[in-house]
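Raw data-v5.txt, compact mmCIF, C-alpha atoms:
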# COMPACT_ATOMS: atom_id res chain seq x y z
CA MET K 1 -46.38 -6.24 -82.35
CA THR K 2 -45.00 -2.73 -82.58
CA LEU K 3 -45.14 -2.31 -78.84
CA TRP K 4 -43.31 -5.59 -78.42
CA TRP K 5 -40.52 -4.32 -80.65
CA ILE K 6 -40.42 -1.07 -78.77
CA GLY K 7 -40.15 -3.07 -75.56
CA ASN K 8 -37.31 -5.13 -76.97
CA VAL K 9 -35.44 -2.04 -78.02
CA ALA K 10 -35.95 -0.48 -74.59
CA LEU K 11 -34.79 -3.70 -72.96
CA LEU K 12 -31.58 -3.85 -74.95
CA ALA K 13 -30.85 -0.15 -75.24
CA VAL K 14 -31.88 1.06 -71.77
CA VAL K 15 -32.45 -1.68 -69.19
CA LEU K 16 -29.41 -3.81 -69.99
CA PRO K 17 -26.91 -0.88 -69.98
CA VAL K 18 -28.42 0.50 -66.78
CA VAL K 19 -28.21 -2.89 -65.06
CA VAL K 20 -24.62 -3.37 -66.20
CA TYR K 21 -23.67 0.15 -65.12
CA LEU K 22 -25.15 -0.23 -61.65
CA LEU K 23 -23.68 -3.68 -61.07
CA HIS K 24 -20.31 -2.50 -62.29
CA GLY K 25 -20.40 0.31 -59.74
CA VAL K 26 -21.25 -2.11 -56.92
CA LEU K 27 -18.45 -4.45 -57.98
CA GLY K 28 -15.97 -1.59 -58.18
CA ALA K 29 -16.90 -0.41 -54.69
CA ALA K 30 -16.62 -3.91 -53.27
CA LYS K 31 -13.23 -4.46 -54.86
CA ALA K 32 -12.02 -1.10 -53.59
CA ILE K 33 -12.78 -2.15 -50.01
CA VAL K 34 -10.61 -5.28 -50.18
CA PRO K 35 -7.15 -3.61 -50.14
CA SER K 36 -8.28 -1.24 -47.40
CA VAL K 37 -9.42 -4.12 -45.22
CA GLU K 38 -6.19 -6.00 -45.85
CA GLU K 39 -4.23 -2.89 -44.89
CA ILE K 40 -6.29 -2.55 -41.71
CA ALA K 41 -5.57 -6.17 -40.87
CA LYS K 42 -1.83 -5.66 -41.40
CA THR K 43 -1.84 -2.50 -39.29
CA ALA K 44 -3.76 -4.16 -36.50
CA ALA K 45 -1.35 -7.09 -36.54
CA ALA K 46 1.61 -4.71 -36.38
CA GLY K 47 -0.04 -2.80 -33.52
CA SER K 48 -0.61 -6.02 -31.66
CA LYS K 49 3.02 -6.98 -32.17
CA ASP K 50 4.15 -3.59 -30.90
CA LEU K 51 2.23 -4.19 -27.72
CA ASP K 52 4.18 -7.36 -26.99
CA ALA K 53 6.49 -5.20 -24.89
CA ALA K 54 3.58 -4.00 -22.78
CA ALA K 55 4.10 -6.97 -20.50
CA LEU K 56 7.47 -5.49 -19.56
CA LEU K 57 5.58 -2.65 -17.92
CA LEU K 58 5.05 -4.98 -15.00
CA THR K 59 8.82 -5.19 -14.62
CA THR K 60 9.05 -1.42 -14.96
CA GLN K 61 6.43 -1.04 -12.28
CA GLU K 62 8.34 -3.35 -9.97
CA GLN K 63 11.62 -1.59 -10.68
CA ALA K 64 10.06 1.82 -10.13
CA THR K 65 8.66 0.68 -6.81
CA GLN K 66 12.01 -0.71 -5.70
CA THR K 67 13.86 2.38 -6.91
CA ILE K 68 11.57 4.71 -5.04
CA ALA K 69 11.88 2.53 -1.95
CA VAL K 70 15.67 2.72 -2.16
CA ALA K 71 15.49 6.46 -2.75
CA ALA K 72 13.24 6.78 0.26
CA ASN K 73 15.74 4.85 2.37
CA TYR K 74 18.56 7.09 1.16
CA GLY K 75 16.40 10.11 1.81
CA GLY K 76 15.70 8.96 5.33
CA SER K 77 19.38 8.41 5.98
CA LEU K 78 20.31 11.77 4.50
CA ASP K 79 17.63 13.39 6.58
CA VAL K 80 19.34 12.01 9.64
CA ILE K 81 22.92 12.68 8.52
CA LEU K 82 22.61 16.17 7.11
CA ASP K 83 21.60 19.17 9.08
CA ASP K 84 18.58 21.11 8.07
CA THR K 85 19.08 24.48 6.52
CA GLN K 86 17.26 26.20 9.35
CA MET U 87 -41.42 -18.32 -83.20
CA GLU U 88 -41.57 -14.74 -84.09
CA ALA U 89 -38.43 -12.62 -84.30
CA ALA U 90 -39.64 -10.28 -81.58
CA GLY U 91 -39.91 -13.19 -79.17
CA VAL U 92 -36.36 -14.32 -79.95
CA ILE U 93 -35.06 -10.83 -79.32
CA THR U 94 -36.91 -10.65 -76.01
CA ILE U 95 -35.51 -13.96 -74.85
CA LEU U 96 -32.04 -12.89 -75.95
CA ALA U 97 -32.32 -9.63 -74.03
CA VAL U 98 -33.49 -11.37 -70.88
CA VAL U 99 -30.67 -13.90 -71.13
CA LEU U 100 -28.15 -11.11 -71.53
CA ILE U 101 -29.52 -9.30 -68.46
CA VAL U 102 -29.44 -12.50 -66.43
CA LEU U 103 -25.86 -13.23 -67.50
CA ALA U 104 -24.80 -9.73 -66.53
CA LEU U 105 -26.51 -10.13 -63.17
CA VAL U 106 -24.82 -13.48 -62.56
CA TYR U 107 -21.36 -12.24 -63.51
CA TYR U 108 -21.45 -9.09 -61.44
CA LEU U 109 -23.20 -10.59 -58.43
CA VAL U 110 -20.77 -13.50 -58.26
CA SER U 111 -17.89 -11.04 -58.50
CA VAL U 112 -19.41 -9.01 -55.67
CA ILE U 113 -19.81 -12.16 -53.58
CA VAL U 114 -16.13 -13.03 -54.12
CA ALA U 115 -15.08 -9.52 -53.11
CA LEU U 116 -17.29 -9.63 -50.02
CA ARG U 117 -15.75 -12.94 -48.99
CA LYS U 118 -12.28 -11.37 -49.24
CA ILE U 119 -13.53 -8.46 -47.14
CA THR U 120 -14.91 -10.86 -44.55
CA ALA U 121 -11.61 -12.73 -44.36
CA GLY U 122 -9.68 -9.48 -43.98
CA LEU U 123 -12.01 -8.26 -41.27
CA ASP U 124 -11.64 -11.55 -39.41
CA LYS U 125 -7.87 -11.02 -39.34
CA ALA U 126 -8.28 -7.41 -38.28
CA ILE U 127 -10.71 -8.29 -35.51
CA ALA U 128 -8.36 -10.97 -34.20
CA SER U 129 -5.50 -8.47 -34.07
CA VAL U 130 -7.71 -5.82 -32.49
CA GLY U 131 -8.71 -8.36 -29.85
CA GLU U 132 -5.04 -8.97 -29.11
CA ILE U 133 -4.46 -5.23 -28.84
CA VAL U 134 -7.32 -4.87 -26.38
CA GLU U 135 -6.09 -7.84 -24.38
CA LYS U 136 -2.48 -6.67 -24.25
CA SER U 137 -3.29 -3.06 -23.45
CA ALA U 138 -5.82 -3.86 -20.75
CA PRO U 139 -3.38 -3.72 -17.79
CA VAL U 140 -1.41 -0.77 -19.17
CA ASN U 141 -3.62 1.85 -17.56
CA ASN U 142 -3.33 0.43 -14.07
CA VAL U 143 0.40 -0.23 -14.39
CA VAL U 144 1.17 3.23 -15.72
CA THR U 145 -1.00 4.79 -13.02
CA THR U 146 0.90 2.86 -10.36
CA ILE U 147 4.26 3.85 -11.85
CA ASN U 148 3.19 7.48 -11.94
CA GLU U 149 2.07 7.30 -8.32
CA GLN U 150 5.44 5.86 -7.34
CA LEU U 151 7.30 8.52 -9.30
CA ASP U 152 5.11 11.24 -7.80
CA ALA U 153 5.98 9.96 -4.35
CA GLY U 154 9.67 9.96 -5.30
CA VAL U 155 9.48 13.51 -6.61
CA ASP U 156 7.69 14.66 -3.46
CA LEU U 157 10.30 12.94 -1.33
CA LEU U 158 13.32 14.32 -3.16
CA GLU U 159 11.90 17.81 -3.50
CA GLY U 160 10.99 17.92 0.16
CA LEU U 161 14.37 16.61 1.24
CA LEU U 162 16.26 18.98 -1.03
CA VAL U 163 14.32 22.00 0.16
CA LYS U 164 14.63 20.90 3.77
CA LYS U 165 18.38 20.45 3.60
CA ALA U 166 19.48 23.09 1.11
CA GLY U 167 16.79 25.67 1.56
CA LEU U 168 14.35 26.69 -1.12
CA THR U 169 16.64 29.21 -2.82
CA ASP U 170 19.69 26.95 -3.03
CA ALA U 171 17.50 24.01 -4.01
CA VAL U 172 16.17 25.98 -6.95
CA GLY U 173 19.74 26.92 -7.85
CA LEU U 174 20.90 23.30 -7.70
CA VAL U 175 18.08 22.09 -9.90
CA ASP U 176 18.61 24.95 -12.32
CA GLY U 177 22.29 24.05 -12.50
CA LEU U 178 21.36 20.47 -13.30
CA TYR U 179 18.66 21.35 -15.82
CA PRO U 180 19.29 24.90 -17.00
CA GLY U 181 16.10 26.89 -17.30
CA SER U 182 14.08 24.59 -15.11
CA ALA U 183 13.97 27.12 -12.31
CA ALA U 184 11.10 28.80 -14.10
CA ALA U 185 8.98 25.70 -13.60
CA GLY U 186 9.88 25.55 -9.92
CA PHE U 187 9.06 22.73 -7.56
CA ARG U 188 5.72 21.06 -7.75
CA ASN U 189 5.01 21.16 -4.04
CA PHE U 190 6.47 24.64 -3.56
CA PRO U 191 4.56 27.06 -5.77
CA GLU U 192 6.54 29.98 -4.42
CA SER U 193 9.69 28.48 -5.91
CA THR U 194 8.68 29.77 -9.34
CA LYS U 195 9.26 33.33 -8.16
CA ILE U 196 12.79 32.69 -6.88
CA GLU U 197 15.73 33.87 -8.92
CA ALA U 198 17.96 30.82 -9.11
CA PRO U 199 21.46 31.44 -7.73
CA ARG U 200 24.35 30.30 -9.88
CA ILE U 201 25.63 27.53 -7.67
CA GLY U 202 28.67 26.88 -9.87
CA GLU U 203 30.10 30.30 -9.05
CA VAL U 204 30.02 29.64 -5.33
CA TYR U 205 32.01 26.44 -5.10
CA THR U 206 35.78 26.15 -5.29
CA LYS U 207 37.72 24.65 -8.16
CA GLY U 208 38.29 21.43 -6.25
CA THR U 209 34.63 21.04 -5.57
CA LEU U 210 33.83 21.62 -9.19
CA THR U 211 36.39 19.03 -10.25
CA LEU U 212 34.93 16.47 -7.91
CA ALA U 213 31.48 17.34 -9.10
CA ARG U 214 32.48 16.99 -12.74
CA LEU U 215 33.53 13.43 -12.01
CA GLY U 216 29.92 12.66 -11.26
CA ARG U 217 27.38 12.31 -13.97
CA GLU U 218 25.10 15.30 -14.26
CA ALA U 219 26.38 16.81 -11.09
CA PRO U 220 24.39 19.99 -10.55
CA ILE U 221 27.33 22.28 -10.11
CA ALA U 222 29.12 20.77 -13.09
CA ALA U 223 26.36 21.47 -15.55
CA GLY U 224 27.19 25.13 -15.80
CA ASN U 225 30.95 24.68 -15.58
CA PRO U 226 32.67 26.53 -18.43
CA ALA U 227 35.60 24.10 -18.32
CA GLY U 228 33.54 21.50 -20.14
CA PRO U 229 31.26 18.56 -19.59
CA ALA U 230 31.52 16.06 -16.78
CA LEU U 231 34.83 14.20 -16.76
CA ARG U 232 33.30 10.94 -15.75
CA ASP U 233 32.87 8.40 -18.50
CA VAL U 234 29.30 7.29 -18.16
CA GLU U 235 29.93 3.83 -19.57
CA ARG U 236 33.14 3.23 -17.62
CA GLY U 237 32.50 5.40 -14.65
CA SER U 238 34.25 3.11 -12.19
CA LEU U 239 37.43 3.15 -14.30
CA ALA U 240 37.46 6.93 -14.33
CA ALA U 241 37.04 7.01 -10.59
CA ARG U 242 39.67 4.31 -10.04
CA GLN U 243 42.25 6.33 -11.95
CA LEU U 244 42.23 8.76 -9.10
CA TYR U 245 43.98 6.16 -6.93
CA PRO U 246 47.69 5.19 -7.03
CA GLU U 247 48.84 3.04 -9.92
CA ILE U 248 49.02 -0.20 -7.96
CA ARG U 249 45.28 -0.31 -7.45
CA GLN U 250 44.56 0.17 -11.15
CA THR U 251 46.36 -3.04 -12.04
CA ARG U 252 43.86 -4.95 -9.93
CA PRO U 253 46.37 -7.19 -8.07
CA GLU U 254 45.00 -10.32 -6.46
CA SER U 255 46.19 -9.19 -3.08
CA LEU U 256 47.67 -6.00 -1.85
CA PRO U 257 50.41 -5.93 0.81
CA ARG U 258 48.90 -6.46 4.18
CA SER U 259 48.70 -3.59 6.55
CA PRO U 260 51.27 -3.76 9.34
CA VAL U 261 50.12 -5.13 12.65
CA ILE U 262 50.37 -2.53 15.34
CA GLY U 263 50.18 -2.72 19.10
CA THR U 264 52.28 -3.98 21.97
CA ASP U 265 51.99 -7.61 20.84
CA ALA U 266 52.84 -6.89 17.19
CA PRO U 267 55.53 -9.16 15.72
CA GLU U 268 57.45 -6.17 14.49
CA GLN U 269 58.07 -3.46 17.04
CA TYR U 270 58.93 -0.33 15.15
CA GLU U 271 60.09 1.56 18.16
CA GLN U 272 62.35 -0.56 20.39
CA ARG U 273 62.36 1.19 23.68
CA GLU U 274 63.73 -0.20 26.90
CA ASP U 275 61.87 2.08 29.18
CA ILE U 276 58.46 0.73 28.23
CA GLY U 277 56.73 -0.65 31.29
CA LYS U 278 59.19 0.97 33.66
CA PRO U 279 58.56 4.01 35.88
CA ARG U 280 58.72 7.28 34.05
CA LYS U 281 62.00 9.07 34.28
CA ARG U 282 61.89 12.15 36.35
CA LEU U 283 63.13 15.22 34.64
CA PRO U 284 65.64 17.31 36.55
CA ALA U 285 63.94 20.00 38.52
CA SER U 286 64.41 23.43 37.04
CA ARG U 287 66.10 25.97 39.22
Same coordinates, now as structure tokens:
Amino acid sequence: MTLWWIGNVALLAVVLPVVVYLLHGVLGAAKAIVPSVEEIAKTAAAGSKDLDAAALLLTTQEQATQTIAVAANYGGSLDVILDDTQ
Amino acid sequence: MEAAGVITILAVVLIVLALVYYLVSVIVALRKITAGLDKAIASVGEIVEKSAPVNNVVTTINEQLDAGVDLLEGLLVKKAGLTDAVGLVDGLYPGSAAAGFRNFPESTKIEAPRIGEVYTKGTLTLARLGREAPIAAGNPAGPALRDVERGSLAARQLYPEIRQTRPESLPRSPVIGTDAPEQYEQREDIGKPRKRLPASR
């Protein structure tokens, strides 16, 4: 009977506080992750939105190609028109 | 039932209640984390999808620009000579002569001539009408005169006033020639034998 009482005391004074402490720590850690994950989701969405203009790079590529082609044509004409330095 | 048994049952119930409360709370938090990660993964997938062609496109653009730089550098050096070419570029972008031309490593050792000191005032004025004209960059009289946004207006103001009003039609140029309706020089001897000048004695 004495041992039973000692066990009860240990259960209430040691086991229960330890269990509550550990579970409280796990819950705190889990709750701390939530805002971080939501922030990551917002940042990723904003990054994805920023990349909407990436499709315009195709236009830039086309324009750069055309511009260089025009410059090459001008260069060829200038090469014919202007005398060389030597 | 003995009191010790009641206390034991009470303690076990308390532990179970604590376990249920905290574990359910953890499950709720983990579900929120899962939902947030689903959103993040969807956005990351979009980022990957949208940025996939960027590398190839940028590489192609850089190749085109490299070709343009090679072309313009080569043409400039061919036509102006390496020394004057370095001077022109340094006049356009002061201090860039130290970097030299990419395809002409020896250009880094050339002391850039001050092109603006060589040209006449008229040449400088014409050059200042152009945007970023090389010989205008170092002009102490001020920046380029040409208005970048209304460059054509600035150039048009060089012409007589009648052209600036943009008339629908300008007076036609006079018709010239033998069959012109208006003969400006009425001469009777046209078509006849040339008069002989008196012989000098």
Specify as an MDAnalysis selection string all residues of chain K found within 6 Å of chain U, counting only C-alpha atoms. chainID K and resid 8 12 16 23 27 30:31 34 37:38 41 44:45 48 61 68 84:85
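Proximity to K:Gly75 was assessed for U:Asp156, U:Phe190, U:Ser255, U:Val175 counting all atoms listed in the file; the smallest distance is recorded for U:Asp156.
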Just to confirm, what's the straight-line distance from atom CA of U:Leu178 to atom CA of K:Gly76 in Å (one decimal)? 22.6 Å
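Here atom CA of K:Ser77 stands at a distance of 27.1 Å from atom CA of U:Ala198.
Here atom CA of U:Gly181 is placed at a distance of 12.4 Å from atom CA of U:Ile196.
With distances taken over all atoms listed in the file, U:Thr169 is the one residue among U:Thr169, U:Thr251, U:Ser259, U:Thr264 lying closest to U:Phe187.
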